[in-house]
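Data block for structure-v8.pdb (PDB, C-alpha atoms):
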```
ATOM      1  CA  MET W   1     -76.554  31.561  -0.784  1.00  0.00           C
ATOM      2  CA  LYS W   2     -74.909  34.786  -1.862  1.00  0.00           C
ATOM      3  CA  LEU W   3     -71.482  34.761  -3.442  1.00  0.00           C
ATOM      4  CA  GLU W   4     -70.037  37.845  -5.085  1.00  0.00           C
ATOM      5  CA  GLY W   5     -66.612  39.351  -5.553  1.00  0.00           C
ATOM      6  CA  THR W   6     -63.378  37.484  -5.014  1.00  0.00           C
ATOM      7  CA  GLY W   7     -63.592  33.739  -4.501  1.00  0.00           C
ATOM      8  CA  LYS W   8     -61.579  30.601  -5.093  1.00  0.00           C
ATOM      9  CA  LEU W   9     -61.845  28.061  -7.893  1.00  0.00           C
ATOM     10  CA  LEU W  10     -60.799  24.573  -6.880  1.00  0.00           C
ATOM     11  CA  ARG W  11     -60.050  22.114  -9.676  1.00  0.00           C
ATOM     12  CA  ILE W  12     -59.694  18.407  -9.028  1.00  0.00           C
ATOM     13  CA  PHE W  13     -58.184  16.302 -11.827  1.00  0.00           C
ATOM     14  CA  ILE W  14     -58.835  12.576 -11.480  1.00  0.00           C
ATOM     15  CA  GLY W  15     -59.562   9.549 -13.651  1.00  0.00           C
ATOM     16  CA  GLU W  16     -62.985   8.285 -14.611  1.00  0.00           C
ATOM     17  CA  SER W  17     -62.256   4.882 -13.074  1.00  0.00           C
ATOM     18  CA  ASP W  18     -61.156   6.299  -9.682  1.00  0.00           C
ATOM     19  CA  ARG W  19     -63.442   5.072  -6.915  1.00  0.00           C
ATOM     20  CA  HIS W  20     -64.345   5.856  -3.343  1.00  0.00           C
ATOM     21  CA  GLY W  21     -65.845   2.694  -1.964  1.00  0.00           C
ATOM     22  CA  ALA W  22     -68.547   1.476  -4.342  1.00  0.00           C
ATOM     23  CA  GLN W  23     -69.122   4.781  -6.123  1.00  0.00           C
ATOM     24  CA  PRO W  24     -67.160   6.858  -8.627  1.00  0.00           C
ATOM     25  CA  LEU W  25     -64.785   9.268  -6.901  1.00  0.00           C
ATOM     26  CA  TYR W  26     -66.273  12.259  -8.730  1.00  0.00           C
ATOM     27  CA  THR W  27     -69.702  11.388  -7.319  1.00  0.00           C
ATOM     28  CA  ALA W  28     -68.295  11.084  -3.805  1.00  0.00           C
ATOM     29  CA  ILE W  29     -66.616  14.498  -4.142  1.00  0.00           C
ATOM     30  CA  VAL W  30     -69.773  16.199  -5.436  1.00  0.00           C
ATOM     31  CA  GLU W  31     -71.922  14.630  -2.707  1.00  0.00           C
ATOM     32  CA  ARG W  32     -69.448  15.641  -0.010  1.00  0.00           C
ATOM     33  CA  ALA W  33     -69.182  19.205  -1.376  1.00  0.00           C
ATOM     34  CA  ARG W  34     -72.976  19.469  -1.260  1.00  0.00           C
ATOM     35  CA  ALA W  35     -73.081  18.085   2.276  1.00  0.00           C
ATOM     36  CA  GLU W  36     -70.482  20.657   3.339  1.00  0.00           C
ATOM     37  CA  GLY W  37     -72.608  23.459   1.862  1.00  0.00           C
ATOM     38  CA  LEU W  38     -70.292  24.546  -0.942  1.00  0.00           C
ATOM     39  CA  GLY W  39     -71.898  26.769  -3.571  1.00  0.00           C
ATOM     40  CA  GLY W  40     -71.853  24.217  -6.365  1.00  0.00           C
ATOM     41  CA  ALA W  41     -69.831  21.637  -8.253  1.00  0.00           C
ATOM     42  CA  THR W  42     -69.491  20.717 -11.901  1.00  0.00           C
ATOM     43  CA  VAL W  43     -67.959  17.540 -13.307  1.00  0.00           C
ATOM     44  CA  PHE W  44     -66.426  17.526 -16.793  1.00  0.00           C
ATOM     45  CA  LYS W  45     -65.422  14.380 -18.661  1.00  0.00           C
ATOM     46  CA  GLY W  46     -62.377  14.842 -20.882  1.00  0.00           C
ATOM     47  CA  ILE W  47     -61.864  13.276 -24.266  1.00  0.00           C
ATOM     48  CA  GLU W  48     -58.103  12.939 -23.936  1.00  0.00           C
ATOM     49  CA  GLY W  49     -55.358  13.531 -21.411  1.00  0.00           C
ATOM     50  CA  TYR W  50     -52.536  12.140 -19.350  1.00  0.00           C
ATOM     51  CA  GLY W  51     -51.338  12.539 -15.801  1.00  0.00           C
ATOM     52  CA  ALA W  52     -48.437  11.687 -13.536  1.00  0.00           C
ATOM     53  CA  HIS W  53     -47.920   8.245 -15.108  1.00  0.00           C
ATOM     54  CA  SER W  54     -47.736   9.782 -18.637  1.00  0.00           C
ATOM     55  CA  VAL W  55     -50.248   7.255 -19.976  1.00  0.00           C
ATOM     56  CA  VAL W  56     -52.510   8.869 -22.585  1.00  0.00           C
ATOM     57  CA  HIS W  57     -56.203   8.131 -22.098  1.00  0.00           C
ATOM     58  CA  ALA W  58     -58.360   9.025 -25.094  1.00  0.00           C
ATOM     59  CA  ALA W  59     -61.880   8.621 -26.411  1.00  0.00           C
ATOM     60  CA  ARG W  60     -61.123   7.493 -29.937  1.00  0.00           C
ATOM     61  CA  VAL W  61     -63.077   5.111 -32.109  1.00  0.00           C
ATOM     62  CA  PHE W  62     -60.504   2.319 -31.855  1.00  0.00           C
ATOM     63  CA  ASP W  63     -59.370   3.056 -28.295  1.00  0.00           C
ATOM     64  CA  LEU W  64     -61.735   1.855 -25.613  1.00  0.00           C
ATOM     65  CA  SER W  65     -60.174   3.778 -22.741  1.00  0.00           C
ATOM     66  CA  THR W  66     -61.925   3.101 -19.475  1.00  0.00           C
ATOM     67  CA  ASP W  67     -60.143   5.840 -17.584  1.00  0.00           C
ATOM     68  CA  LEU W  68     -60.822   9.133 -19.318  1.00  0.00           C
ATOM     69  CA  PRO W  69     -59.833  12.336 -17.532  1.00  0.00           C
ATOM     70  CA  VAL W  70     -62.386  13.909 -15.196  1.00  0.00           C
ATOM     71  CA  LEU W  71     -62.312  17.474 -13.879  1.00  0.00           C
ATOM     72  CA  ILE W  72     -64.393  18.664 -10.942  1.00  0.00           C
ATOM     73  CA  GLU W  73     -64.692  22.419 -10.408  1.00  0.00           C
ATOM     74  CA  LEU W  74     -65.872  24.053  -7.206  1.00  0.00           C
ATOM     75  CA  VAL W  75     -66.224  27.808  -6.622  1.00  0.00           C
ATOM     76  CA  ASP W  76     -66.854  29.378  -3.244  1.00  0.00           C
ATOM     77  CA  SER W  77     -65.267  31.722  -0.735  1.00  0.00           C
ATOM     78  CA  GLU W  78     -61.625  31.134   0.123  1.00  0.00           C
ATOM     79  CA  GLU W  79     -62.551  30.138   3.663  1.00  0.00           C
ATOM     80  CA  ARG W  80     -65.021  27.464   2.548  1.00  0.00           C
ATOM     81  CA  ILE W  81     -62.740  26.109  -0.189  1.00  0.00           C
ATOM     82  CA  ARG W  82     -59.756  25.874   2.171  1.00  0.00           C
ATOM     83  CA  ALA W  83     -61.944  24.087   4.737  1.00  0.00           C
ATOM     84  CA  PHE W  84     -62.813  21.507   2.052  1.00  0.00           C
ATOM     85  CA  ILE W  85     -59.194  20.653   1.189  1.00  0.00           C
ATOM     86  CA  PRO W  86     -58.649  18.278   4.175  1.00  0.00           C
ATOM     87  CA  ILE W  87     -61.754  16.358   3.058  1.00  0.00           C
ATOM     88  CA  LEU W  88     -60.248  16.019  -0.410  1.00  0.00           C
ATOM     89  CA  ASP W  89     -57.024  14.748   1.157  1.00  0.00           C
ATOM     90  CA  GLU W  90     -59.072  11.846   2.539  1.00  0.00           C
ATOM     91  CA  LEU W  91     -60.916  11.161  -0.725  1.00  0.00           C
ATOM     92  CA  VAL W  92     -58.331  11.753  -3.479  1.00  0.00           C
ATOM     93  CA  HIS W  93     -55.368   9.381  -3.434  1.00  0.00           C
ATOM     94  CA  GLU W  94     -54.097  10.053  -6.954  1.00  0.00           C
ATOM     95  CA  GLY W  95     -54.606  13.086  -9.160  1.00  0.00           C
ATOM     96  CA  MET W  96     -54.014  16.809  -9.019  1.00  0.00           C
ATOM     97  CA  ILE W  97     -55.774  19.600  -7.155  1.00  0.00           C
ATOM     98  CA  THR W  98     -55.293  23.263  -8.058  1.00  0.00           C
ATOM     99  CA  MET W  99     -56.712  26.490  -6.705  1.00  0.00           C
ATOM    100  CA  GLU W 100     -56.885  29.956  -8.161  1.00  0.00           C
ATOM    101  CA  THR W 101     -58.474  33.271  -7.361  1.00  0.00           C
ATOM    102  CA  VAL W 102     -61.563  34.165  -9.380  1.00  0.00           C
ATOM    103  CA  GLU W 103     -63.978  37.042  -9.451  1.00  0.00           C
ATOM    104  CA  VAL W 104     -67.575  35.913  -9.109  1.00  0.00           C
ATOM    105  CA  ILE W 105     -69.674  38.166 -11.309  1.00  0.00           C
ATOM    106  CA  ARG W 106     -73.021  36.569 -10.617  1.00  0.00           C
ATOM    107  CA  TYR W 107     -74.274  33.652  -8.567  1.00  0.00           C
ATOM    108  CA  LYS W 108     -78.010  33.507  -8.385  1.00  0.00           C
ATOM    109  CA  SER W 109     -80.321  30.628  -7.617  1.00  0.00           C
ATOM    110  CA  GLY W 110     -83.967  30.120  -8.301  1.00  0.00           C
ATOM    111  CA  SER W 111     -86.250  27.954  -6.200  1.00  0.00           C
ATOM    112  CA  PRO W 112     -84.504  25.024  -4.491  1.00  0.00           C
ATOM    113  CA  ARG W 113     -84.579  21.621  -6.158  1.00  0.00           C
ATOM    114  CA  ALA W 114     -84.367  18.175  -4.612  1.00  0.00           C
TER
END
```
Encoded form using structure tokens:
Amino acid sequence: MKLEGTGKLLRIFIGESDRHGAQPLYTAIVERARAEGLGGATVFKGIEGYGAHSVVHAARVFDLSTDLPVLIELVDSEERIRAFIPILDELVHEGMITMETVEVIRYKSGSPRA
């Protein structure tokens, strides 16, 4: 896959405990993005944050939060990212999705992995 120049960055903010069926929602999103042929996905686990309900979730020694913030980032062409948004509408029931324009400097892959 070749991706250079202007693209779109899609950010999906959800909670660690969010599910899609029997699996974590972030896993379902990554698997679906891969199945749709998007360039790649990265999942980040936050150490603290809050969302629409204003409940702070934090990874502190004495707080055993089971719903830490999770961020999934996807970068691809605008066309492919926009085509993925209806899929996210089906998967994500609570959270926030943002999109911004980015300039892809380099996207290079080596040999394919399983």
Interatomic distance between CA of Ile47 in chain W and CA of Glu90 in chain W?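 Value for the CA of Ile47 in chain W-CA of Glu90 in chain W distance: 27.0 Å.
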Selection as a compact mmCIF listing (two decimals) with C-alpha atoms, keeping the file's coordinate frame: residues within 7 Å of (-65.1, 24.0, -6.5), counting all atoms listed in the file:
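Output saved as part_29.txt:
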```txt
# COMPACT_ATOMS: atom_id res chain seq x y z
CA LEU W 9 -61.84 28.06 -7.89
CA LEU W 10 -60.80 24.57 -6.88
CA ARG W 11 -60.05 22.11 -9.68
CA GLY W 40 -71.85 24.22 -6.36
CA ALA W 41 -69.83 21.64 -8.25
CA ILE W 72 -64.39 18.66 -10.94
CA GLU W 73 -64.69 22.42 -10.41
CA LEU W 74 -65.87 24.05 -7.21
CA VAL W 75 -66.22 27.81 -6.62
CA ASP W 76 -66.85 29.38 -3.24
```
Ranking W:Gly5, W:Tyr26, W:Glu31, W:Ile85 by minimum distance to Ile97 in chain W and counting all atoms listed in the file, which one comes first?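 Selected residue with least distance to Ile97 in chain W: W:Ile85.
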Rounded to one decimal place, report the CA of Ala22 in chain W-CA of Asp67 in chain W distance in Å. 16.3 Å
Just give me the residues with any atom within 12 Å of (-75.0, 34.2, -3.9), file coordinates, counting all atoms listed in the file, written as a list of chain:residue names.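 With a cut-off of 12 Å, the residues come to W:Met1, W:Lys2, W:Leu3, W:Glu4, W:Gly5, W:Gly7, W:Leu38, W:Gly39, W:Gly40, W:Val75, W:Asp76, W:Ser77, W:Val104, W:Ile105, W:Arg106, W:Tyr107, W:Lys108, W:Ser109, W:Gly110.
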